[in-house]
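All remarks here apply to the structure that follows.
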Amino acid sequence: MLIELSIKNFAIIEELTIPFEKGLTVLTGETGAGKSIIIDAIGLLLGGRGSVEFVRHGKKRAEIEGLFTVHSDHTILKKIDDLGIDIEENMLVLRRDMTLQGKSICRINGKLVTLGILREIGQSLVDIHGQHEHQALMQADQHKELLDDFAKEKLLPTQAEYQLLYKRAKNLQKQLLNLSENEQEMAQRVDLLRYQLEEIGQANLEPEEDVHLANEKYKLANSEKLFKTLQDSYDSLYGDGRGLDYIMNAVSHLEEAQTIDNGLRELHENVSNSYYLLEEAAFSLRNQLEEIEFDPARLEMIDERLNEIQKLKRKYGKTVVDILEYSAKVEDELDTIIHKDDRIQNLEKELESVWLDLSVEAQAITDIRKEAAAALSEEIHKQLKALYMEKTVFDIRIVERLAGKQGSQVEGKTMYFGPDGRDEIEFYLATNPGEPLKPLTKIASGGEISRIMLALKSIVSSSQGLTSVIFDEVDTGVSGRVAQAIAEKIHSASSKSQVLCITHLPQVAAMADTHLYIKKEEEEERVKTLVSPLLYKEKVNELARMISGVEVTDLTKQHAEELLQLAKQHKQSI
């Protein structure tokens, strides 16, 4: 659950720290006080899209931080461990800073992470359901996503296999398209590839040749200096009155000394060994001197070869190895084009096999969706009954896609595959007995959409292991006994996970375990948002304001107290 939220310099919020409790927390207040801004802040903390417009005017950055606790068996803990993030007592601190330059700085338990990782972690903890999701329900192409979300535990492995095959099929199609280009372009390509292959082949390149030649060139260009330094080293060691003579003299004296003092034997051996090592080094120096070449012709030849290699590098790669690899690719492409008819035939056979495998996986996806659709429909009917839509018939229709950019032939049948299968999915509804089922997008009212979406979220959220669910004004378009049913449904959801709810319905506010009041006030000609928890009398006044809308009277206060008493009785009866 979300334990605490801290917001600083975000929109009209100067600085705010809000502690949250278990159960149902309701946020109320006048329109424009900043209720939705708080939800926006949570959305950004969970990886939502940011904007410099969120940074409070006159400030350099906005800061949002949230403390969460998760169950020890939550699946996200393994992901966090894989990321090398330390976690103690199953507590997570998510933080996101946004600067005026548009940069986002994200941290989890103090460790810098990408926005993508913050989003992955955050969205596994909290689900935000706002009014925009009503619009999603009114778009038929979103219905598939809602069903797949319900069925994802069974669906994900099959979808993963399907998507691998789909990607492979698209790649094969691309290869076939490239091979089927017009003959003139293909002939021009063949001429170019042959020229490049011949040019590289005539150079007779060897791997790392440029590196070896560059080293040899440097050595030849500095041969005089090398000769002089080696000659000086050799002369210092070998010859009459040179270093080795002095060391041999020391060896002779130590040999005599160790006959007098046995303790000098090891020192004599060390000096003697050093002499022989230095003598061997002197002989090596002499050999090196004899091998040094003064060869201007060789140096000129190396320069010409390096210039030739450099010209090829400008065309085909940064190193000789790159050039040789490019040559191998050219050779493969040339062979493919020359034998393109055979290649096309092989690709077509391979693609035919992939389409067949893809159709099998697509059917498996369809079967899972149909099974999930039946289960989801049954659950939704149960939920709708509690929301006074007991006579409503809800159905999820799954049909095969019959059109697309390009059909694929599978065993003589044309099939249209998409990235997520070959199903078209749409929700159907009949709100009154005797009426035929019609697309939900065409007949549902605003209040009905609110209840259907609440039913969907109640079902899906309970199966996702979410620690918190946020409802942002999901009670739009309802009143009376329906409002009371929605209030009871939202409170019921809070028994499975923490629920935060922004509402304008007094019935929902009365159900709150914690009631937070949001208000804005002006200080030094700047507006800022404040949050305060309400005690019983303050709750009565706020509910009365929500009931009356304008003037709070004794009658509206009595009504507010009645709502609170009914809410208390409902909670005790559960």
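Quick note on naming: the chains in the structure tokens go A, B, ... in the order shown, residues restart at 1 in each chain, and ligands are numbered from 1 in order of appearance.
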### Message
For stretch 420-433 of chain A, find every residue with an atom within 10 Å (counting only C-alpha atoms), except residues of its own chain fewer than 2 positions away, and show them as an MDAnalysis selection string.
### Response
chainID A and resid 137:148 159:160 162:163 166 358:359 361:366 369 373 377 389:404 415:418 435:445 448
### Query
Any idea what's packed within 9 Å of A:Val52, counting only C-alpha atoms, ignoring anything in its chain fewer than 4 positions away? Could you give it as a PyMOL selection string?
chain A and resi 56+61-62+98-103
Any chance you could export the current selection's N, CA and C atoms as a PDB file, in the first residue's frame?
ATOM      1  N   ARG A  56       6.185  24.021 -10.715  1.00  0.00           N
ATOM      2  CA  ARG A  56       5.554  25.243 -10.173  1.00  0.00           C
ATOM      3  C   ARG A  56       6.280  26.482 -10.679  1.00  0.00           C
ATOM      4  N   ARG A  61      12.559  22.811 -10.235  1.00  0.00           N
ATOM      5  CA  ARG A  61      12.192  21.408 -10.401  1.00  0.00           C
ATOM      6  C   ARG A  61      11.019  21.045  -9.510  1.00  0.00           C
ATOM      7  N   ALA A  62      10.273  20.021  -9.973  1.00  0.00           N
ATOM      8  CA  ALA A  62       9.202  19.442  -9.151  1.00  0.00           C
ATOM      9  C   ALA A  62       9.699  18.119  -8.594  1.00  0.00           C
ATOM     10  N   MET A  98      11.392  16.343 -11.809  1.00  0.00           N
ATOM     11  CA  MET A  98      11.276  16.881 -13.161  1.00  0.00           C
ATOM     12  C   MET A  98      11.821  18.304 -13.183  1.00  0.00           C
ATOM     13  N   THR A  99      12.721  18.571 -14.140  1.00  0.00           N
ATOM     14  CA  THR A  99      13.351  19.885 -14.206  1.00  0.00           C
ATOM     15  C   THR A  99      12.696  20.749 -15.278  1.00  0.00           C
ATOM     16  N   LEU A 100      13.016  22.023 -15.238  1.00  0.00           N
ATOM     17  CA  LEU A 100      12.491  22.952 -16.242  1.00  0.00           C
ATOM     18  C   LEU A 100      13.035  22.639 -17.643  1.00  0.00           C
ATOM     19  N   GLN A 101      14.137  21.893 -17.693  1.00  0.00           N
ATOM     20  CA  GLN A 101      14.700  21.506 -18.994  1.00  0.00           C
ATOM     21  C   GLN A 101      14.015  20.273 -19.577  1.00  0.00           C
ATOM     22  N   GLY A 102      13.028  19.745 -18.856  1.00  0.00           N
ATOM     23  CA  GLY A 102      12.288  18.596 -19.358  1.00  0.00           C
ATOM     24  C   GLY A 102      12.888  17.253 -18.989  1.00  0.00           C
ATOM     25  N   LYS A 103      13.900  17.243 -18.125  1.00  0.00           N
ATOM     26  CA  LYS A 103      14.536  15.983 -17.737  1.00  0.00           C
ATOM     27  C   LYS A 103      13.820  15.357 -16.539  1.00  0.00           C
TER      28      LYS A 103
END
Who sits within 9 Å of stretch 289-300 of chain A, only C-alpha atoms, same chain under 6 positions skipped, as a PDB file with N, CA and C atoms, in the first residue's frame:
ATOM      1  N   GLU A 216      55.380  -1.556 -38.336  1.00  0.00           N
ATOM      2  CA  GLU A 216      56.640  -1.689 -39.084  1.00  0.00           C
ATOM      3  C   GLU A 216      57.105  -0.341 -39.616  1.00  0.00           C
ATOM      4  N   LYS A 217      56.143   0.465 -40.102  1.00  0.00           N
ATOM      5  CA  LYS A 217      56.490   1.789 -40.625  1.00  0.00           C
ATOM      6  C   LYS A 217      57.141   2.650 -39.536  1.00  0.00           C
ATOM      7  N   LEU A 220      60.707   1.415 -38.965  1.00  0.00           N
ATOM      8  CA  LEU A 220      61.628   1.788 -40.044  1.00  0.00           C
ATOM      9  C   LEU A 220      61.922   3.286 -40.035  1.00  0.00           C
ATOM     10  N   ALA A 221      60.880   4.087 -39.771  1.00  0.00           N
ATOM     11  CA  ALA A 221      61.066   5.535 -39.776  1.00  0.00           C
ATOM     12  C   ALA A 221      61.990   5.987 -38.646  1.00  0.00           C
ATOM     13  N   SER A 223      64.551   3.957 -37.432  1.00  0.00           N
ATOM     14  CA  SER A 223      65.613   2.944 -37.366  1.00  0.00           C
ATOM     15  C   SER A 223      66.955   3.530 -36.928  1.00  0.00           C
ATOM     16  N   GLU A 224      67.273   4.750 -37.373  1.00  0.00           N
ATOM     17  CA  GLU A 224      68.559   5.360 -36.998  1.00  0.00           C
ATOM     18  C   GLU A 224      68.601   5.604 -35.488  1.00  0.00           C
ATOM     19  N   LEU A 226      66.812   4.069 -33.246  1.00  0.00           N
ATOM     20  CA  LEU A 226      66.822   2.770 -32.585  1.00  0.00           C
ATOM     21  C   LEU A 226      68.226   2.178 -32.579  1.00  0.00           C
ATOM     22  N   PHE A 227      68.927   2.297 -33.730  1.00  0.00           N
ATOM     23  CA  PHE A 227      70.289   1.753 -33.819  1.00  0.00           C
ATOM     24  C   PHE A 227      71.198   2.424 -32.806  1.00  0.00           C
ATOM     25  N   LEU A 230      70.414   1.330 -29.115  1.00  0.00           N
ATOM     26  CA  LEU A 230      70.853  -0.039 -28.849  1.00  0.00           C
ATOM     27  C   LEU A 230      72.383  -0.131 -28.819  1.00  0.00           C
ATOM     28  N   GLN A 231      73.043   0.607 -29.732  1.00  0.00           N
ATOM     29  CA  GLN A 231      74.521   0.584 -29.779  1.00  0.00           C
ATOM     30  C   GLN A 231      75.098   1.150 -28.484  1.00  0.00           C
TER      31      GLN A 231
END
### Task
Within 12 Å of A:Ser573, counting only C-alpha atoms, which residues show up once you throw out same-chain ones fewer than 6 positions away? Write them as a list of chain:residue names, please.
A:Glu488, A:Ser492, A:Leu566, A:Ala567
#### Entry: helix (DSSP H, G or I) residues, from DSSP on the backbone, in stretch 83-257 of chain A, as a ChimeraX atom specification
/A:115-123,132-137,140-179,183-202,209-221,223-237,243-257
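Restricting the calculation to only C-alpha atoms, the smallest distance between A:Val271 and any of A:Thr229, A:Ser252, A:Ser532, A:Ser284 is found for A:Ser252.
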Give me, as JSON lines, each residue of stretch 440-550 of chain A that comes within 12 Å of stretch 43-47 of chain A, together with its shortest interatomic pair and the distance in Å at one decimal, counting only C-alpha atoms, with rows ordered by chain and rising residue number.
{"residue": "A:Ser468", "atom": "CA", "partner": "A:Leu46", "partner_atom": "CA", "distance": 11.9}
{"residue": "A:Val469", "atom": "CA", "partner": "A:Gly43", "partner_atom": "CA", "distance": 11.7}
{"residue": "A:Ile470", "atom": "CA", "partner": "A:Gly43", "partner_atom": "CA", "distance": 10.0}
{"residue": "A:Asp472", "atom": "CA", "partner": "A:Gly43", "partner_atom": "CA", "distance": 11.4}
#### Entry: Close residues, A:Val508 itself excluded, 10 Å, only C-alpha atoms, min 2 positions apart in chain, as a PyMOL selection string
chain A and resi 24+26+475+483-491+501-506+510-512+543+563+567
Residues as selected, C-alpha atoms, written as a CSV table (one decimal), in the first residue's frame, can you do that?
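again_30.csv was written with the following content:
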chain,number,residue,atom,x,y,z
A,24,LEU,CA,-10.9,3.4,1.7
A,26,VAL,CA,-11.7,9.6,0.1
A,475,ASP,CA,-19.0,8.0,-10.1
A,483,ALA,CA,-24.7,6.1,-6.0
A,484,GLN,CA,-25.1,4.1,-2.8
A,485,ALA,CA,-24.4,0.9,-4.6
A,486,ILE,CA,-21.3,2.3,-6.1
A,487,ALA,CA,-20.2,3.5,-2.7
A,488,GLU,CA,-20.6,0.1,-1.3
A,489,LYS,CA,-18.8,-1.5,-4.3
A,490,ILE,CA,-15.8,0.9,-3.9
A,491,HIS,CA,-15.7,0.2,-0.1
A,501,CYS,CA,-11.0,7.8,-4.3
A,502,ILE,CA,-11.8,11.3,-5.5
A,503,THR,CA,-15.5,11.8,-5.5
A,504,HIS,CA,-18.3,14.3,-5.6
A,505,LEU,CA,-20.9,11.8,-4.2
A,506,PRO,CA,-21.7,12.2,-0.5
A,510,ALA,CA,-19.6,8.7,3.8
A,511,MET,CA,-18.1,5.2,3.3
A,512,ALA,CA,-14.6,6.5,3.8
A,543,LEU,CA,-21.0,15.9,3.5
A,563,LEU,CA,-25.4,8.9,5.6
A,567,ALA,CA,-22.3,3.7,6.2
#### Entry: strand (DSSP E) call set, DSSP backbone run, stretch 93-207 of chain A, as a ChimeraX atom specification
/A:93-99,104-108,111-113,126-129
Any chance you could export the current selection's N, CA, C and O atoms as a PDB file, in the first residue's frame?
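Here's the written file out19.pdb:
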ATOM      1  N   VAL A  93      10.776   3.028  -1.820  1.00  0.00           N
ATOM      2  CA  VAL A  93      10.644   4.477  -1.966  1.00  0.00           C
ATOM      3  C   VAL A  93      10.855   4.816  -3.440  1.00  0.00           C
ATOM      4  O   VAL A  93      11.940   4.620  -3.985  1.00  0.00           O
ATOM      5  N   LEU A  94       9.802   5.289  -4.076  1.00  0.00           N
ATOM      6  CA  LEU A  94       9.880   5.727  -5.467  1.00  0.00           C
ATOM      7  C   LEU A  94       9.996   7.245  -5.486  1.00  0.00           C
ATOM      8  O   LEU A  94       9.295   7.938  -4.736  1.00  0.00           O
ATOM      9  N   ARG A  95      10.882   7.760  -6.317  1.00  0.00           N
ATOM     10  CA  ARG A  95      11.071   9.210  -6.386  1.00  0.00           C
ATOM     11  C   ARG A  95      11.255   9.629  -7.845  1.00  0.00           C
ATOM     12  O   ARG A  95      11.936   8.945  -8.614  1.00  0.00           O
ATOM     13  N   ARG A  96      10.639  10.761  -8.173  1.00  0.00           N
ATOM     14  CA  ARG A  96      10.819  11.308  -9.514  1.00  0.00           C
ATOM     15  C   ARG A  96      10.913  12.819  -9.429  1.00  0.00           C
ATOM     16  O   ARG A  96      10.054  13.476  -8.845  1.00  0.00           O
ATOM     17  N   ASP A  97      11.983  13.361 -10.008  1.00  0.00           N
ATOM     18  CA  ASP A  97      12.175  14.809 -10.100  1.00  0.00           C
ATOM     19  C   ASP A  97      12.051  15.214 -11.561  1.00  0.00           C
ATOM     20  O   ASP A  97      12.546  14.515 -12.453  1.00  0.00           O
ATOM     21  N   MET A  98      11.392  16.343 -11.809  1.00  0.00           N
ATOM     22  CA  MET A  98      11.276  16.881 -13.161  1.00  0.00           C
ATOM     23  C   MET A  98      11.821  18.304 -13.183  1.00  0.00           C
ATOM     24  O   MET A  98      11.437  19.127 -12.348  1.00  0.00           O
ATOM     25  N   THR A  99      12.721  18.571 -14.140  1.00  0.00           N
ATOM     26  CA  THR A  99      13.351  19.885 -14.206  1.00  0.00           C
ATOM     27  C   THR A  99      12.696  20.749 -15.278  1.00  0.00           C
ATOM     28  O   THR A  99      11.948  20.260 -16.128  1.00  0.00           O
ATOM     29  N   SER A 104      13.758  14.023 -16.551  1.00  0.00           N
ATOM     30  CA  SER A 104      13.202  13.277 -15.426  1.00  0.00           C
ATOM     31  C   SER A 104      14.310  12.483 -14.752  1.00  0.00           C
ATOM     32  O   SER A 104      15.069  11.787 -15.436  1.00  0.00           O
ATOM     33  N   ILE A 105      14.416  12.598 -13.448  1.00  0.00           N
ATOM     34  CA  ILE A 105      15.403  11.839 -12.670  1.00  0.00           C
ATOM     35  C   ILE A 105      14.617  10.886 -11.778  1.00  0.00           C
ATOM     36  O   ILE A 105      13.824  11.321 -10.943  1.00  0.00           O
ATOM     37  N   CYS A 106      14.815   9.583 -11.990  1.00  0.00           N
ATOM     38  CA  CYS A 106      14.008   8.580 -11.301  1.00  0.00           C
ATOM     39  C   CYS A 106      14.887   7.743 -10.363  1.00  0.00           C
ATOM     40  O   CYS A 106      15.998   7.355 -10.725  1.00  0.00           O
ATOM     41  N   ARG A 107      14.347   7.442  -9.188  1.00  0.00           N
ATOM     42  CA  ARG A 107      15.074   6.617  -8.221  1.00  0.00           C
ATOM     43  C   ARG A 107      14.120   5.637  -7.553  1.00  0.00           C
ATOM     44  O   ARG A 107      12.952   5.947  -7.328  1.00  0.00           O
ATOM     45  N   ILE A 108      14.652   4.448  -7.243  1.00  0.00           N
ATOM     46  CA  ILE A 108      13.940   3.472  -6.423  1.00  0.00           C
ATOM     47  C   ILE A 108      14.868   3.099  -5.280  1.00  0.00           C
ATOM     48  O   ILE A 108      15.982   2.626  -5.506  1.00  0.00           O
ATOM     49  N   LYS A 111      18.391   4.383  -5.651  1.00  0.00           N
ATOM     50  CA  LYS A 111      19.196   4.009  -6.815  1.00  0.00           C
ATOM     51  C   LYS A 111      18.587   4.582  -8.080  1.00  0.00           C
ATOM     52  O   LYS A 111      17.386   4.450  -8.323  1.00  0.00           O
ATOM     53  N   LEU A 112      19.429   5.215  -8.898  1.00  0.00           N
ATOM     54  CA  LEU A 112      18.958   5.778 -10.159  1.00  0.00           C
ATOM     55  C   LEU A 112      18.474   4.672 -11.091  1.00  0.00           C
ATOM     56  O   LEU A 112      19.140   3.651 -11.248  1.00  0.00           O
ATOM     57  N   VAL A 113      17.308   4.872 -11.689  1.00  0.00           N
ATOM     58  CA  VAL A 113      16.759   3.912 -12.646  1.00  0.00           C
ATOM     59  C   VAL A 113      16.200   4.676 -13.834  1.00  0.00           C
ATOM     60  O   VAL A 113      16.019   5.895 -13.791  1.00  0.00           O
ATOM     61  N   VAL A 126       0.295   0.150  -8.244  1.00  0.00           N
ATOM     62  CA  VAL A 126      -0.902   0.994  -8.187  1.00  0.00           C
ATOM     63  C   VAL A 126      -1.596   1.000  -9.540  1.00  0.00           C
ATOM     64  O   VAL A 126      -0.948   1.060 -10.588  1.00  0.00           O
ATOM     65  N   ASP A 127      -2.928   0.956  -9.512  1.00  0.00           N
ATOM     66  CA  ASP A 127      -3.729   1.092 -10.724  1.00  0.00           C
ATOM     67  C   ASP A 127      -4.579   2.341 -10.580  1.00  0.00           C
ATOM     68  O   ASP A 127      -5.359   2.474  -9.634  1.00  0.00           O
ATOM     69  N   ILE A 128      -4.399   3.284 -11.505  1.00  0.00           N
ATOM     70  CA  ILE A 128      -5.179   4.520 -11.474  1.00  0.00           C
ATOM     71  C   ILE A 128      -6.293   4.420 -12.503  1.00  0.00           C
ATOM     72  O   ILE A 128      -6.043   4.218 -13.694  1.00  0.00           O
ATOM     73  N   HIS A 129      -7.523   4.540 -12.025  1.00  0.00           N
ATOM     74  CA  HIS A 129      -8.674   4.498 -12.924  1.00  0.00           C
ATOM     75  C   HIS A 129      -9.337   5.862 -12.912  1.00  0.00           C
ATOM     76  O   HIS A 129      -9.900   6.290 -11.906  1.00  0.00           O
TER      77      HIS A 129
END
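For the set A:Thr529, A:Gln202, A:Gln569, A:Thr556, the residue with the smallest atom-to-atom gap to A:Ser36 is A:Thr529, counting only C-alpha atoms.
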### Message
Which residue is closest to A:Leu172? Choose from A:Met186, A:Ala509, A:Leu254, A:Val354 and count only C-alpha atoms.
### Response
A:Val354
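The two atoms in question, atom CA of A:Leu192 and atom CA of A:Glu206, are spaced 23.1 Å apart.
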### Task
Excluding A:Glu4 and residues on its chain fewer than 5 positions from it, collect all residues at most 10 Å away from it, counting only C-alpha atoms, and give them as a PyMOL selection string.
chain A and resi 17-21+65-68+93
Would you mind exporting the chosen residues as a PDB file, in the first residue's frame, restricted to all heavy atoms?
ATOM      1  N   THR A  17       2.808  16.846   2.243  1.00  0.00           N
ATOM      2  CA  THR A  17       3.089  15.467   2.656  1.00  0.00           C
ATOM      3  C   THR A  17       1.784  14.860   3.156  1.00  0.00           C
ATOM      4  O   THR A  17       1.153  15.396   4.075  1.00  0.00           O
ATOM      5  CB  THR A  17       4.146  15.416   3.766  1.00  0.00           C
ATOM      6  OG1 THR A  17       5.368  15.958   3.270  1.00  0.00           O
ATOM      7  CG2 THR A  17       4.383  13.977   4.215  1.00  0.00           C
ATOM      8  N   ILE A  18       1.382  13.753   2.514  1.00  0.00           N
ATOM      9  CA  ILE A  18       0.086  13.141   2.842  1.00  0.00           C
ATOM     10  C   ILE A  18       0.311  11.707   3.315  1.00  0.00           C
ATOM     11  O   ILE A  18       0.779  10.864   2.545  1.00  0.00           O
ATOM     12  CB  ILE A  18      -0.844  13.114   1.612  1.00  0.00           C
ATOM     13  CG1 ILE A  18      -0.892  14.481   0.938  1.00  0.00           C
ATOM     14  CG2 ILE A  18      -2.242  12.669   2.016  1.00  0.00           C
ATOM     15  CD1 ILE A  18      -1.633  14.474  -0.380  1.00  0.00           C
ATOM     16  N   PRO A  19      -0.023  11.406   4.554  1.00  0.00           N
ATOM     17  CA  PRO A  19       0.024  10.004   5.000  1.00  0.00           C
ATOM     18  C   PRO A  19      -1.276   9.298   4.599  1.00  0.00           C
ATOM     19  O   PRO A  19      -2.347   9.905   4.606  1.00  0.00           O
ATOM     20  CB  PRO A  19       0.133  10.128   6.520  1.00  0.00           C
ATOM     21  CG  PRO A  19      -0.519  11.440   6.841  1.00  0.00           C
ATOM     22  CD  PRO A  19      -0.339  12.334   5.648  1.00  0.00           C
ATOM     23  N   PHE A  20      -1.181   8.030   4.249  1.00  0.00           N
ATOM     24  CA  PHE A  20      -2.355   7.266   3.859  1.00  0.00           C
ATOM     25  C   PHE A  20      -2.505   6.041   4.762  1.00  0.00           C
ATOM     26  O   PHE A  20      -1.521   5.508   5.279  1.00  0.00           O
ATOM     27  CB  PHE A  20      -2.257   6.815   2.394  1.00  0.00           C
ATOM     28  CG  PHE A  20      -2.335   7.947   1.407  1.00  0.00           C
ATOM     29  CD1 PHE A  20      -1.183   8.485   0.852  1.00  0.00           C
ATOM     30  CD2 PHE A  20      -3.562   8.480   1.047  1.00  0.00           C
ATOM     31  CE1 PHE A  20      -1.254   9.530  -0.060  1.00  0.00           C
ATOM     32  CE2 PHE A  20      -3.645   9.532   0.140  1.00  0.00           C
ATOM     33  CZ  PHE A  20      -2.491  10.060  -0.413  1.00  0.00           C
ATOM     34  N   GLU A  21      -3.759   5.614   4.919  1.00  0.00           N
ATOM     35  CA  GLU A  21      -4.060   4.471   5.774  1.00  0.00           C
ATOM     36  C   GLU A  21      -4.614   3.322   4.934  1.00  0.00           C
ATOM     37  O   GLU A  21      -4.858   3.466   3.735  1.00  0.00           O
ATOM     38  CB  GLU A  21      -5.091   4.876   6.839  1.00  0.00           C
ATOM     39  CG  GLU A  21      -4.687   6.061   7.697  1.00  0.00           C
ATOM     40  CD  GLU A  21      -3.501   5.754   8.611  1.00  0.00           C
ATOM     41  OE1 GLU A  21      -3.265   4.551   8.893  1.00  0.00           O
ATOM     42  OE2 GLU A  21      -2.825   6.709   9.042  1.00  0.00           O
ATOM     43  N   GLU A  65       7.674  11.999  -4.262  1.00  0.00           N
ATOM     44  CA  GLU A  65       8.255  10.830  -3.602  1.00  0.00           C
ATOM     45  C   GLU A  65       7.147  10.058  -2.890  1.00  0.00           C
ATOM     46  O   GLU A  65       6.274  10.652  -2.258  1.00  0.00           O
ATOM     47  CB  GLU A  65       9.330  11.271  -2.614  1.00  0.00           C
ATOM     48  CG  GLU A  65      10.170  10.139  -2.062  1.00  0.00           C
ATOM     49  CD  GLU A  65      11.366  10.660  -1.270  1.00  0.00           C
ATOM     50  OE1 GLU A  65      11.139  11.424  -0.306  1.00  0.00           O
ATOM     51  OE2 GLU A  65      12.501  10.333  -1.616  1.00  0.00           O
ATOM     52  N   GLY A  66       7.180   8.731  -3.020  1.00  0.00           N
ATOM     53  CA  GLY A  66       6.165   7.902  -2.382  1.00  0.00           C
ATOM     54  C   GLY A  66       6.782   6.708  -1.676  1.00  0.00           C
ATOM     55  O   GLY A  66       7.706   6.080  -2.197  1.00  0.00           O
ATOM     56  N   LEU A  67       6.264   6.407  -0.490  1.00  0.00           N
ATOM     57  CA  LEU A  67       6.709   5.245   0.279  1.00  0.00           C
ATOM     58  C   LEU A  67       5.632   4.158   0.184  1.00  0.00           C
ATOM     59  O   LEU A  67       4.469   4.401   0.510  1.00  0.00           O
ATOM     60  CB  LEU A  67       6.939   5.634   1.744  1.00  0.00           C
ATOM     61  CG  LEU A  67       7.222   4.492   2.728  1.00  0.00           C
ATOM     62  CD1 LEU A  67       8.519   3.769   2.357  1.00  0.00           C
ATOM     63  CD2 LEU A  67       7.293   5.016   4.164  1.00  0.00           C
ATOM     64  N   PHE A  68       6.041   2.976  -0.276  1.00  0.00           N
ATOM     65  CA  PHE A  68       5.123   1.861  -0.451  1.00  0.00           C
ATOM     66  C   PHE A  68       5.590   0.659   0.366  1.00  0.00           C
ATOM     67  O   PHE A  68       6.791   0.476   0.583  1.00  0.00           O
ATOM     68  CB  PHE A  68       5.057   1.428  -1.922  1.00  0.00           C
ATOM     69  CG  PHE A  68       4.534   2.474  -2.856  1.00  0.00           C
ATOM     70  CD1 PHE A  68       5.371   3.463  -3.364  1.00  0.00           C
ATOM     71  CD2 PHE A  68       3.208   2.476  -3.254  1.00  0.00           C
ATOM     72  CE1 PHE A  68       4.894   4.435  -4.241  1.00  0.00           C
ATOM     73  CE2 PHE A  68       2.720   3.427  -4.129  1.00  0.00           C
ATOM     74  CZ  PHE A  68       3.558   4.419  -4.614  1.00  0.00           C
ATOM     75  N   VAL A  93      10.776   3.028  -1.820  1.00  0.00           N
ATOM     76  CA  VAL A  93      10.644   4.477  -1.966  1.00  0.00           C
ATOM     77  C   VAL A  93      10.855   4.816  -3.440  1.00  0.00           C
ATOM     78  O   VAL A  93      11.940   4.620  -3.985  1.00  0.00           O
ATOM     79  CB  VAL A  93      11.664   5.237  -1.097  1.00  0.00           C
ATOM     80  CG1 VAL A  93      11.549   6.740  -1.345  1.00  0.00           C
ATOM     81  CG2 VAL A  93      11.454   4.916   0.372  1.00  0.00           C
TER      82      VAL A  93
END
